[in-house]
>>> print(open('my_file-v1.csv').read())   # CSV, C-alpha atoms and all ligand atoms
chain,number,residue,atom,x,y,z
A,701,MET,CA,84.7,114.5,95.2
A,702,LYS,CA,81.0,113.7,96.0
A,703,VAL,CA,79.5,112.8,92.6
A,704,LEU,CA,75.9,112.0,91.6
A,705,VAL,CA,75.5,109.8,88.5
A,706,THR,CA,72.1,109.8,87.0
A,707,GLY,CA,71.4,106.8,84.8
A,708,GLY,CA,74.1,104.9,86.7
A,709,ALA,CA,72.2,101.6,86.3
A,710,GLY,CA,72.5,101.9,82.5
A,711,TYR,CA,75.1,100.8,80.0
A,712,ILE,CA,77.4,103.8,80.1
A,713,GLY,CA,76.4,105.2,83.5
A,714,SER,CA,77.4,102.0,85.3
A,715,VAL,CA,80.9,102.1,83.8
A,716,VAL,CA,81.2,105.8,84.6
A,717,THR,CA,80.3,104.9,88.2
A,718,GLU,CA,82.9,102.1,88.2
A,719,ARG,CA,85.6,104.6,87.0
A,720,LEU,CA,84.7,107.3,89.5
A,721,LEU,CA,84.8,104.7,92.4
A,722,ALA,CA,88.2,103.5,91.1
A,723,GLU,CA,89.5,107.0,91.3
A,724,GLY,CA,88.3,107.4,94.9
A,725,HIS,CA,85.2,109.6,94.4
A,726,GLU,CA,82.3,109.1,96.7
A,727,THR,CA,79.7,108.1,94.2
A,728,THR,CA,75.9,107.9,94.3
A,729,VAL,CA,73.8,106.5,91.5
A,730,LEU,CA,70.3,107.9,90.8
A,731,ASP,CA,68.2,105.8,88.5
A,732,ASP,CA,64.5,104.8,88.3
A,733,LEU,CA,65.5,101.4,86.8
A,734,SER,CA,63.0,102.0,83.9
A,735,GLU,CA,65.7,100.9,81.5
A,736,GLY,CA,68.8,100.1,83.7
A,737,HIS,CA,69.7,97.1,85.8
A,738,ARG,CA,70.1,97.0,89.6
A,739,ASP,CA,73.0,94.5,89.1
A,740,ALA,CA,74.9,96.9,86.9
A,741,ILE,CA,75.4,99.4,89.8
A,742,PRO,CA,78.8,98.8,91.4
A,743,ALA,CA,78.4,97.6,95.0
A,744,ALA,CA,80.5,100.4,96.4
A,745,ALA,CA,78.1,103.1,95.1
A,746,SER,CA,75.1,104.4,97.1
A,747,PHE,CA,71.8,104.1,95.2
A,748,VAL,CA,68.8,106.4,95.1
A,749,GLU,CA,65.9,104.9,93.2
A,750,VAL,CA,63.7,107.8,91.9
A,751,ASP,CA,62.2,109.1,88.7
A,752,LEU,CA,63.8,112.5,87.7
A,753,ARG,CA,60.5,113.6,86.2
A,754,ASP,CA,58.9,113.6,89.6
A,755,ARG,CA,60.3,116.7,91.2
A,756,ALA,CA,58.7,116.3,94.6
A,757,ALA,CA,59.9,112.7,94.9
A,758,LEU,CA,63.3,113.8,93.7
A,759,ARG,CA,63.5,116.4,96.4
A,760,GLY,CA,62.5,113.9,99.0
A,761,ALA,CA,64.9,111.3,97.8
A,762,LEU,CA,67.9,113.7,97.9
A,763,ALA,CA,67.0,115.4,101.2
A,764,GLY,CA,69.9,115.6,103.6
A,765,ARG,CA,72.5,114.6,100.9
A,766,SER,CA,75.2,116.8,99.4
A,767,PHE,CA,77.1,116.6,96.1
A,768,GLU,CA,79.7,118.6,94.3
A,769,ALA,CA,79.3,117.3,90.8
A,770,VAL,CA,76.7,115.6,88.6
A,771,MET,CA,77.2,113.2,85.7
A,772,HIS,CA,73.8,113.3,83.9
A,773,LEU,CA,73.3,110.2,81.8
A,774,ALA,CA,69.7,109.4,82.5
A,775,ALA,CA,67.6,109.8,79.4
A,776,SER,CA,65.3,108.2,76.9
A,777,CYS,CA,67.5,107.2,73.9
A,778,LEU,CA,65.6,105.5,71.1
A,779,VAL,CA,65.6,107.6,68.0
A,780,GLY,CA,62.7,105.9,66.3
A,781,GLU,CA,60.5,106.2,69.4
A,782,SER,CA,61.4,109.9,69.7
A,783,MET,CA,59.7,110.5,66.3
A,784,GLU,CA,56.5,108.8,67.4
A,785,ASN,CA,56.4,110.1,71.0
A,786,PRO,CA,58.3,113.4,71.1
A,787,GLY,CA,56.6,114.4,74.4
A,788,LYS,CA,58.3,111.5,76.2
A,789,TYR,CA,61.7,112.8,74.9
A,790,PHE,CA,61.2,116.5,75.8
A,791,GLU,CA,59.8,115.5,79.2
A,792,ASN,CA,62.6,113.0,80.1
A,793,ASN,CA,65.5,114.6,78.4
A,794,LEU,CA,64.7,118.3,78.9
A,795,SER,CA,62.2,118.9,81.8
A,796,ALA,CA,63.6,116.2,84.0
A,797,GLY,CA,67.0,117.7,83.5
A,798,VAL,CA,65.7,121.1,84.7
A,799,ASN,CA,64.3,119.3,87.8
A,800,LEU,CA,67.8,117.8,88.3
A,801,LEU,CA,69.5,121.2,88.2
A,802,GLU,CA,66.9,122.9,90.5
A,803,GLU,CA,67.1,120.1,93.1
A,804,THR,CA,70.8,119.5,93.1
A,805,MET,CA,72.3,123.0,92.9
A,806,PRO,CA,71.0,123.8,96.4
A,807,LEU,CA,72.8,120.7,97.6
A,808,GLY,CA,76.1,122.0,96.6
A,809,VAL,CA,76.4,121.0,92.9
A,810,ASP,CA,78.4,123.5,90.9
A,811,ARG,CA,79.4,121.4,87.9
A,812,ILE,CA,77.7,119.0,85.5
A,813,VAL,CA,78.9,116.6,82.8
A,814,PHE,CA,76.0,115.9,80.4
A,815,SER,CA,75.6,113.0,78.0
A,816,SER,CA,74.8,114.5,74.7
A,817,THR,CA,75.0,112.9,71.3
A,818,ALA,CA,76.1,113.0,67.7
A,819,ALA,CA,72.4,113.3,66.9
A,820,THR,CA,72.6,117.0,67.7
A,821,TYR,CA,74.4,117.5,64.3
A,822,GLY,CA,71.7,115.9,62.2
A,823,ASP,CA,72.9,115.0,58.7
A,824,PRO,CA,76.2,116.8,58.2
A,825,GLU,CA,77.5,117.3,54.7
A,826,THR,CA,81.1,116.4,55.4
A,827,ILE,CA,83.1,114.3,57.9
A,828,PRO,CA,84.9,114.4,60.3
A,829,ILE,CA,82.4,116.4,62.4
A,830,THR,CA,83.8,119.2,64.6
A,831,GLU,CA,82.0,121.0,67.4
A,832,ASP,CA,81.5,124.1,65.2
A,833,PHE,CA,79.4,122.2,62.6
A,834,PRO,CA,75.8,123.4,62.4
A,835,THR,CA,73.5,121.6,64.9
A,836,GLU,CA,70.4,120.7,63.0
A,837,PRO,CA,68.9,117.5,64.6
A,838,THR,CA,66.8,115.3,62.4
A,839,ASN,CA,65.0,113.6,65.3
A,840,SER,CA,63.4,114.8,68.5
A,841,TYR,CA,65.9,112.8,70.6
A,842,GLY,CA,68.8,114.9,69.2
A,843,ALA,CA,66.7,118.0,69.6
A,844,SER,CA,65.9,117.3,73.2
A,845,LYS,CA,69.6,116.8,73.9
A,846,LEU,CA,70.6,120.0,72.1
A,847,LEU,CA,67.9,122.0,74.0
A,848,PHE,CA,69.3,120.8,77.3
A,849,GLU,CA,72.8,121.9,76.3
A,850,SER,CA,71.4,125.4,75.9
A,851,VAL,CA,69.6,125.1,79.3
A,852,LEU,CA,73.1,124.4,80.7
A,853,ALA,CA,74.6,127.4,79.0
A,854,TRP,CA,71.9,129.6,80.5
A,855,TYR,CA,72.5,128.2,84.0
A,856,SER,CA,76.2,128.9,83.5
A,857,ARG,CA,75.4,132.5,82.6
A,858,LEU,CA,72.8,133.1,85.2
A,859,LYS,CA,73.7,130.8,88.1
A,860,GLY,CA,77.5,130.1,87.7
A,861,LEU,CA,77.0,126.4,87.0
A,862,LYS,CA,80.0,124.9,85.1
A,863,TRP,CA,79.1,122.5,82.4
A,864,ILE,CA,80.5,120.2,79.7
A,865,ALA,CA,78.3,118.3,77.2
A,866,LEU,CA,80.0,115.2,75.8
A,867,ARG,CA,78.6,114.4,72.4
A,868,TYR,CA,79.1,110.7,72.2
A,869,PHE,CA,79.2,108.9,68.8
A,870,ASN,CA,78.5,105.2,69.1
A,871,ALA,CA,79.3,103.7,72.5
A,872,ALA,CA,80.3,100.1,72.1
A,873,GLY,CA,82.1,97.2,73.8
A,874,ALA,CA,82.1,96.0,77.4
A,875,ALA,CA,84.1,97.3,80.4
A,876,SER,CA,84.5,93.7,81.7
A,877,GLU,CA,82.6,90.5,82.0
A,878,GLU,CA,80.7,92.3,84.8
A,879,ARG,CA,79.4,95.3,82.9
A,880,GLY,CA,78.3,95.5,79.3
A,881,GLU,CA,75.5,96.4,76.9
A,882,ASP,CA,72.0,95.2,77.8
A,883,HIS,CA,69.2,97.3,76.3
A,884,ASP,CA,65.6,96.2,75.7
A,885,PRO,CA,64.8,96.6,72.9
A,886,GLU,CA,68.4,96.4,71.6
A,887,THR,CA,68.9,98.7,68.6
A,888,HIS,CA,72.7,98.9,68.5
A,889,LEU,CA,74.5,97.2,65.8
A,890,ILE,CA,77.4,95.3,67.6
A,891,PRO,CA,75.2,93.5,70.2
A,892,LEU,CA,72.7,92.6,67.5
A,893,VAL,CA,75.5,91.2,65.3
A,894,LEU,CA,77.0,89.2,68.1
A,895,LYS,CA,73.5,87.8,69.1
A,896,ALA,CA,73.1,86.7,65.5
A,897,ALA,CA,76.5,85.1,65.6
A,898,ALA,CA,75.7,83.2,68.8
A,899,GLU,CA,72.2,82.2,67.9
A,900,GLY,CA,72.4,81.8,64.2
A,901,GLY,CA,70.0,84.7,63.5
A,902,GLU,CA,70.0,87.2,60.7
A,903,VAL,CA,71.3,90.8,60.8
A,904,GLN,CA,69.3,93.4,59.0
A,905,ILE,CA,71.4,95.9,57.0
A,906,PHE,CA,69.2,99.0,56.6
A,907,GLY,CA,70.2,100.2,53.1
A,908,ASP,CA,73.2,99.3,51.0
A,909,ASP,CA,73.0,102.2,48.5
A,910,TYR,CA,74.4,105.0,50.6
A,911,PRO,CA,77.3,107.1,49.2
A,912,THR,CA,79.8,105.2,51.3
A,913,PRO,CA,82.6,102.8,50.1
A,914,ASP,CA,80.5,99.6,50.4
A,915,GLY,CA,77.1,101.3,50.3
A,916,THR,CA,76.2,100.7,54.0
A,917,CYS,CA,76.1,103.3,56.8
A,918,VAL,CA,79.4,104.3,58.4
A,919,ARG,CA,79.6,105.0,62.1
A,920,ASP,CA,82.3,105.9,64.6
A,921,TYR,CA,82.5,103.3,67.5
A,922,ILE,CA,84.1,104.3,70.8
A,923,HIS,CA,85.0,101.9,73.6
A,924,ILE,CA,82.9,102.3,76.7
A,925,ARG,CA,86.0,102.5,78.9
A,926,ASP,CA,87.4,105.4,76.8
A,927,LEU,CA,84.0,107.1,77.0
A,928,ALA,CA,83.9,106.7,80.8
A,929,ASP,CA,87.4,108.1,81.2
A,930,ALA,CA,86.4,111.3,79.3
A,931,HIS,CA,83.9,112.0,82.1
A,932,LEU,CA,86.7,112.2,84.6
A,933,ASP,CA,88.7,114.3,82.3
A,934,ALA,CA,85.7,116.6,81.9
A,935,MET,CA,85.2,116.9,85.6
A,936,ARG,CA,88.8,118.0,86.1
A,937,ALA,CA,88.7,120.4,83.1
A,938,MET,CA,85.8,122.3,84.6
A,939,GLU,CA,88.1,123.2,87.5
A,940,ARG,CA,90.3,125.0,84.9
A,941,GLY,CA,87.2,127.0,83.7
A,942,ILE,CA,86.6,124.9,80.6
A,943,GLU,CA,83.0,124.5,79.4
A,944,GLY,CA,80.9,123.6,76.4
A,945,PRO,CA,80.4,120.7,74.0
A,946,PHE,CA,83.0,118.1,73.1
A,947,ASN,CA,82.8,115.3,70.6
A,948,LEU,CA,83.8,111.8,71.7
A,949,GLY,CA,84.6,109.4,68.9
A,950,ASN,CA,87.6,107.6,67.4
A,951,GLY,CA,87.8,109.7,64.2
A,952,ALA,CA,87.6,106.4,62.2
A,953,GLY,CA,84.4,105.2,60.6
A,954,PHE,CA,83.4,101.6,60.0
A,955,SER,CA,80.5,100.4,57.8
A,956,VAL,CA,77.8,98.0,58.8
A,957,ARG,CA,79.4,95.4,56.5
A,958,GLU,CA,82.9,95.9,58.1
A,959,VAL,CA,81.4,95.5,61.6
A,960,ILE,CA,79.9,92.2,60.4
A,961,GLN,CA,83.2,91.0,58.9
A,962,VAL,CA,85.2,91.9,62.0
A,963,SER,CA,82.6,90.2,64.2
A,964,GLU,CA,82.9,87.0,62.1
A,965,ALA,CA,86.7,87.1,62.6
A,966,VAL,CA,86.3,87.6,66.4
A,967,THR,CA,83.6,85.0,66.9
A,968,GLY,CA,84.8,82.5,64.3
A,969,LYS,CA,81.2,82.2,63.1
A,970,SER,CA,79.6,83.1,59.9
A,971,ILE,CA,76.9,85.7,60.3
A,972,ARG,CA,73.9,85.9,58.0
A,973,SER,CA,72.7,89.3,56.9
A,974,ARG,CA,69.8,90.6,54.8
A,975,VAL,CA,69.5,94.0,53.1
A,976,ALA,CA,66.4,95.9,54.3
A,977,PRO,CA,65.1,99.3,53.3
A,978,ARG,CA,66.9,102.4,54.6
A,979,ARG,CA,65.6,103.7,57.9
A,980,PRO,CA,64.3,107.3,57.7
A,981,GLY,CA,66.7,109.8,59.1
A,982,ASP,CA,69.8,107.6,59.1
A,983,PRO,CA,72.7,109.8,57.9
A,984,PRO,CA,75.2,107.9,55.6
A,985,SER,CA,78.3,108.7,57.7
A,986,LEU,CA,78.8,110.0,61.2
A,987,VAL,CA,82.4,110.3,62.2
A,988,ALA,CA,83.8,112.6,64.9
A,989,SER,CA,86.7,114.8,65.1
A,990,SER,CA,87.6,114.5,68.8
A,991,LYS,CA,90.6,116.8,68.5
A,992,ARG,CA,89.1,119.3,70.9
A,993,ALA,CA,88.5,116.7,73.6
A,994,ARG,CA,92.1,115.4,73.2
A,995,GLU,CA,93.6,118.9,73.2
A,996,ILE,CA,91.5,120.7,75.8
A,997,LEU,CA,90.2,117.9,78.1
A,998,GLY,CA,93.4,115.9,77.8
A,999,TRP,CA,91.4,112.9,76.8
A,1000,ASN,CA,93.6,110.0,75.7
A,1001,PRO,CA,91.5,107.1,74.3
A,1002,GLN,CA,93.3,103.8,74.4
A,1003,ARG,CA,90.9,101.3,72.9
A,1004,GLY,CA,90.0,102.6,69.4
A,1005,ASP,CA,90.6,99.4,67.5
A,1006,LEU,CA,87.3,97.9,66.3
A,1007,LYS,CA,88.5,94.3,66.7
A,1008,GLY,CA,89.3,95.0,70.4
A,1009,ILE,CA,85.9,96.7,70.9
A,1010,ILE,CA,84.1,93.7,69.4
A,1011,GLU,CA,86.2,91.2,71.3
A,1012,SER,CA,85.3,92.9,74.6
A,1013,ALA,CA,81.6,92.8,73.7
A,1014,TRP,CA,81.9,89.1,72.7
A,1015,GLN,CA,83.5,88.2,76.0
A,1016,TRP,CA,80.6,90.0,77.8
A,1017,HIS,CA,78.1,88.1,75.6
A,1018,LEU,CA,79.7,84.8,76.3
A,1019,ALA,CA,79.7,85.4,80.0
A,1020,ARG,CA,76.1,86.8,80.0
A,1021,PRO,CA,74.2,85.7,77.0
A,1022,ASP,CA,71.0,87.1,78.4
A,1023,GLY,CA,72.7,90.2,79.8
A,1024,TYR,CA,72.0,91.0,83.4
A,1025,ARG,CA,69.4,88.2,83.5
A,1026,SER,CA,72.2,85.7,83.2
A,1027,ALA,CA,73.7,84.6,86.4
A,1028,ALA,CA,77.3,85.9,86.8
A,1029,THR,CA,79.8,83.3,85.9
B,1101,LIG,N1,74.7,104.3,73.9
B,1101,LIG,C1,75.1,105.2,73.0
B,1101,LIG,O1,75.7,104.8,72.0
B,1101,LIG,C2,74.9,106.6,73.2
B,1101,LIG,C3,75.2,107.5,72.2
B,1101,LIG,C4,75.0,108.9,72.4
B,1101,LIG,C5,74.5,109.3,73.6
B,1101,LIG,N2,74.1,108.5,74.5
B,1101,LIG,C6,73.6,109.0,75.8
B,1101,LIG,O2,74.2,108.4,76.9
B,1101,LIG,C7,73.4,108.2,78.0
B,1101,LIG,C8,73.4,106.8,78.5
B,1101,LIG,O3,73.1,105.9,77.4
B,1101,LIG,P1,73.0,104.3,77.7
B,1101,LIG,O4,73.2,103.7,76.4
B,1101,LIG,O5,73.8,104.0,78.9
B,1101,LIG,O6,71.4,104.2,78.0
B,1101,LIG,P2,70.7,103.3,79.1
B,1101,LIG,O7,69.3,103.2,78.7
B,1101,LIG,O8,71.4,102.0,79.2
B,1101,LIG,O9,70.8,104.1,80.4
B,1101,LIG,C9,70.0,105.2,80.8
B,1101,LIG,C10,69.6,105.0,82.2
B,1101,LIG,O10,68.8,106.2,82.6
B,1101,LIG,C11,67.7,105.7,83.5
B,1101,LIG,N3,66.6,106.6,83.4
B,1101,LIG,C12,66.0,107.0,82.2
B,1101,LIG,N4,65.0,107.9,82.5
B,1101,LIG,C13,65.1,108.2,83.9
B,1101,LIG,C14,64.4,109.0,84.8
B,1101,LIG,N5,63.4,109.8,84.4
B,1101,LIG,N6,64.8,109.0,86.1
B,1101,LIG,C15,65.8,108.2,86.5
B,1101,LIG,N7,66.5,107.4,85.7
B,1101,LIG,C16,66.2,107.4,84.4
B,1101,LIG,C17,67.4,104.3,82.9
B,1101,LIG,O11,66.7,103.5,83.8
B,1101,LIG,C18,68.8,103.8,82.5
B,1101,LIG,O12,69.4,103.1,83.6
B,1101,LIG,C19,72.0,108.7,77.5
B,1101,LIG,O13,71.8,110.0,78.0
B,1101,LIG,C20,72.1,108.6,76.0
B,1101,LIG,O14,71.3,109.6,75.4
B,1101,LIG,C21,74.3,107.1,74.4
>>> encode(input="my_file-v1.csv", output="structure tokens", more="lines below")
Ligand SMILES: NC(=O)c1ccc[n+]([C@@H]2O[C@H](COP(=O)([O-])OP(=O)(O)OC[C@H]3O[C@@H](n4cnc5c(N)ncnc54)[C@H](O)[C@@H]3O)[C@@H](O)[C@H]2O)c1
Amino acid sequence: MKVLVTGGAGYIGSVVTERLLAEGHETTVLDDLSEGHRDAIPAAASFVEVDLRDRAALRGALAGRSFEAVMHLAASCLVGESMENPGKYFENNLSAGVNLLEETMPLGVDRIVFSSTAATYGDPETIPITEDFPTEPTNSYGASKLLFESVLAWYSRLKGLKWIALRYFNAAGAASEERGEDHDPETHLIPLVLKAAAEGGEVQIFGDDYPTPDGTCVRDYIHIRDLADAHLDAMRAMERGIEGPFNLGNGAGFSVREVIQVSEAVTGKSIRSRVAPRRPGDPPSLVASSKRAREILGWNPQRGDLKGIIESAWQWHLARPDGYRSAAT
């Protein structure tokens, strides 16, 4: 199949691209490199460098090409920033997505897999979270993703576009020593903890008085390879007429303190931490039920063990301590 991957120079998109190529799909990455890395794009993929927000440039960059499916991962993804600058989030995660649909459907695209998020649920009262929980985002990042899901439902109804939104919980780990997490700024716990292990820095724990077993926030970590595989399952499922949102998580929650403890075991280093005030809008526990993805998409995650996830991230860190700025070993 001819597949366009937006955000394919990013953390998750580059691994999705790797998996598509491994399964023989003709894969093109579209990215403006605003956050991603040229070196993250697998060599066998074609690359189109363009900003999705610029519709005329997008049309020009895609002229003469054809695609059957889109994996839409490009987005702005910082929750805190989304509360200071909502316009950036609605422009990049909503309007740019409409540009993408309008410019790629005439090129043959009839299906899309969209990177959505657990942030669409807001602050649920119970866990595990299923897809029929209320969607009440507590930040404009989650709202922008939820709004684009409803855009997709309208394009399905009015234009026959097939769609699946994958609501990721916390993506983590590295696919290999070649592809791993390298965000700037880095806000995700595991790379921050591993950096502290390597450099002797301190990890901030935002709140230790939550209603969780050890008082720190609980999250559901999913290995990047399992996440990437779900995109291929989703693409196949749309051929069977399946559409809608699907959670992707392990169904197991780990607290911030547990992540630090497991990271100490993996790295063999002691990791200093300090309790800081809670961050506004951080729900105590976010844990997915991915029953629907397993049963309907046939998703079969293989790498749910937290230790294995952290080990893969540590191997990536050792191979590339400065991420993609480090020369490959
Ligand atoms: N990382 C997570 O744990 C997580 C959790 C839930 C959802 N998601 C979603 O998954 C997707 C990928 O996340 P990630 O961690 O790989 O992020 P990332 O920042 O590493 O990748 C996003 C990519 O999109 C590109 N991009 C952004 N705006 C663009 C634009 N206007 N035009 C073209 N390219 C553009 C960036 O350059 C970058 O390469 C995002 O949609 C994010 O919201 C991620």
>>> residues_around(input="my_file-v1.csv", residues="Ile864 of chain A", least_positions_apart="3", cutoff="10 Å", atoms="only C-alpha atoms", output="ChimeraX atom specification")
/A:771,811-816,849,852-853,867,931,934-935,937-938,942-946
>>> atom_distance(input="my_file-v1.csv", atom1="atom CA of Val750 of chain A", atom2="atom CA of Asp731 of chain A")
6.0 Å
>>> residues_near_point(input="my_file-v1.csv", point="(71.3, 99.5, 78.6)", cutoff="7 Å", atoms="only C-alpha atoms", output="list in words")
Gly710, Tyr711, Glu735, Gly736, Glu881, Asp882 and His883 of chain A
>>> closest_residue(input="my_file-v1.csv", among="A:Trp1016, A:Tyr921, A:Trp854, A:Tyr1024", to="ligand LIG 1101 (chain B)", atoms="only C-alpha atoms and all ligand atoms")
A:Tyr921
>>> closest_residue(input="my_file-v1.csv", among="A:His1017, A:Phe954, A:Asp914, A:Arg1003", to="Leu892 of chain A", atoms="all atoms listed in the file")
A:His1017
>>> residues_around(input="my_file-v1.csv", residues="Lys788 of chain A", least_positions_apart="3", cutoff="12 Å", atoms="all atoms listed in the file", output="VMD selection string")
chain A and resid 753 775 to 779 781 to 785 791 to 796 840 to 841 844
>>> write_last_selection(input="my_file-v1.csv", atoms="C-alpha atoms", output="PDB file, in the coordinates of the input")
ATOM      1  CA  ARG A 753      60.500 113.600  86.200  1.00  0.00           C
ATOM      2  CA  ALA A 775      67.600 109.800  79.400  1.00  0.00           C
ATOM      3  CA  SER A 776      65.300 108.200  76.900  1.00  0.00           C
ATOM      4  CA  CYS A 777      67.500 107.200  73.900  1.00  0.00           C
ATOM      5  CA  LEU A 778      65.600 105.500  71.100  1.00  0.00           C
ATOM      6  CA  VAL A 779      65.600 107.600  68.000  1.00  0.00           C
ATOM      7  CA  GLU A 781      60.500 106.200  69.400  1.00  0.00           C
ATOM      8  CA  SER A 782      61.400 109.900  69.700  1.00  0.00           C
ATOM      9  CA  MET A 783      59.700 110.500  66.300  1.00  0.00           C
ATOM     10  CA  GLU A 784      56.500 108.800  67.400  1.00  0.00           C
ATOM     11  CA  ASN A 785      56.400 110.100  71.000  1.00  0.00           C
ATOM     12  CA  GLU A 791      59.800 115.500  79.200  1.00  0.00           C
ATOM     13  CA  ASN A 792      62.600 113.000  80.100  1.00  0.00           C
ATOM     14  CA  ASN A 793      65.500 114.600  78.400  1.00  0.00           C
ATOM     15  CA  LEU A 794      64.700 118.300  78.900  1.00  0.00           C
ATOM     16  CA  SER A 795      62.200 118.900  81.800  1.00  0.00           C
ATOM     17  CA  ALA A 796      63.600 116.200  84.000  1.00  0.00           C
ATOM     18  CA  SER A 840      63.400 114.800  68.500  1.00  0.00           C
ATOM     19  CA  TYR A 841      65.900 112.800  70.600  1.00  0.00           C
ATOM     20  CA  SER A 844      65.900 117.300  73.200  1.00  0.00           C
TER      21      SER A 844
END
>>> decode(input="my_file-v1.csv", residues="segment 948-960 of chain A", atoms="N, CA, C and O atoms", output="mmCIF file, in the first residue's frame")
data_model
loop_
_atom_site.group_PDB
_atom_site.id
_atom_site.type_symbol
_atom_site.label_atom_id
_atom_site.label_comp_id
_atom_site.auth_asym_id
_atom_site.auth_seq_id
_atom_site.Cartn_x
_atom_site.Cartn_y
_atom_site.Cartn_z
ATOM 1 N N LEU A 948 -4.894 2.689 23.375
ATOM 2 C CA LEU A 948 -3.687 1.868 23.335
ATOM 3 C C LEU A 948 -2.891 2.067 24.614
ATOM 4 O O LEU A 948 -2.313 3.131 24.846
ATOM 5 N N GLY A 949 -2.896 1.053 25.447
ATOM 6 C CA GLY A 949 -2.109 1.070 26.677
ATOM 7 C C GLY A 949 -1.896 -0.364 27.102
ATOM 8 O O GLY A 949 -2.318 -1.303 26.422
ATOM 9 N N ASN A 950 -1.241 -0.521 28.237
ATOM 10 C CA ASN A 950 -0.967 -1.873 28.734
ATOM 11 C C ASN A 950 -2.011 -2.380 29.692
ATOM 12 O O ASN A 950 -2.015 -3.551 30.045
ATOM 13 N N GLY A 951 -2.818 -1.461 30.227
ATOM 14 C CA GLY A 951 -3.784 -1.854 31.246
ATOM 15 C C GLY A 951 -3.132 -1.983 32.618
ATOM 16 O O GLY A 951 -3.781 -2.379 33.583
ATOM 17 N N ALA A 952 -1.845 -1.640 32.710
ATOM 18 C CA ALA A 952 -1.153 -1.689 34.010
ATOM 19 C C ALA A 952 -0.599 -0.303 34.282
ATOM 20 O O ALA A 952 0.004 0.306 33.401
ATOM 21 N N GLY A 953 -0.822 0.182 35.487
ATOM 22 C CA GLY A 953 -0.326 1.513 35.829
ATOM 23 C C GLY A 953 0.928 1.414 36.683
ATOM 24 O O GLY A 953 1.059 0.496 37.503
ATOM 25 N N PHE A 954 1.843 2.358 36.477
ATOM 26 C CA PHE A 954 3.040 2.432 37.322
ATOM 27 C C PHE A 954 3.176 3.859 37.823
ATOM 28 O O PHE A 954 2.992 4.817 37.064
ATOM 29 N N SER A 955 3.539 3.976 39.114
ATOM 30 C CA SER A 955 3.672 5.306 39.698
ATOM 31 C C SER A 955 5.033 5.893 39.328
ATOM 32 O O SER A 955 5.948 5.180 38.886
ATOM 33 N N VAL A 956 5.160 7.199 39.567
ATOM 34 C CA VAL A 956 6.436 7.872 39.304
ATOM 35 C C VAL A 956 7.544 7.208 40.132
ATOM 36 O O VAL A 956 8.630 6.925 39.616
ATOM 37 N N ARG A 957 7.235 6.913 41.384
ATOM 38 C CA ARG A 957 8.277 6.282 42.223
ATOM 39 C C ARG A 957 8.644 4.896 41.701
ATOM 40 O O ARG A 957 9.815 4.506 41.749
ATOM 41 N N GLU A 958 7.663 4.151 41.201
ATOM 42 C CA GLU A 958 7.983 2.822 40.650
ATOM 43 C C GLU A 958 8.886 2.948 39.418
ATOM 44 O O GLU A 958 9.819 2.161 39.245
ATOM 45 N N VAL A 959 8.616 3.945 38.579
ATOM 46 C CA VAL A 959 9.459 4.145 37.387
ATOM 47 C C VAL A 959 10.890 4.447 37.827
ATOM 48 O O VAL A 959 11.863 3.918 37.254
ATOM 49 N N ILE A 960 11.038 5.252 38.871
ATOM 50 C CA ILE A 960 12.392 5.581 39.349
ATOM 51 C C ILE A 960 13.072 4.318 39.896
ATOM 52 O O ILE A 960 14.237 4.039 39.575
#
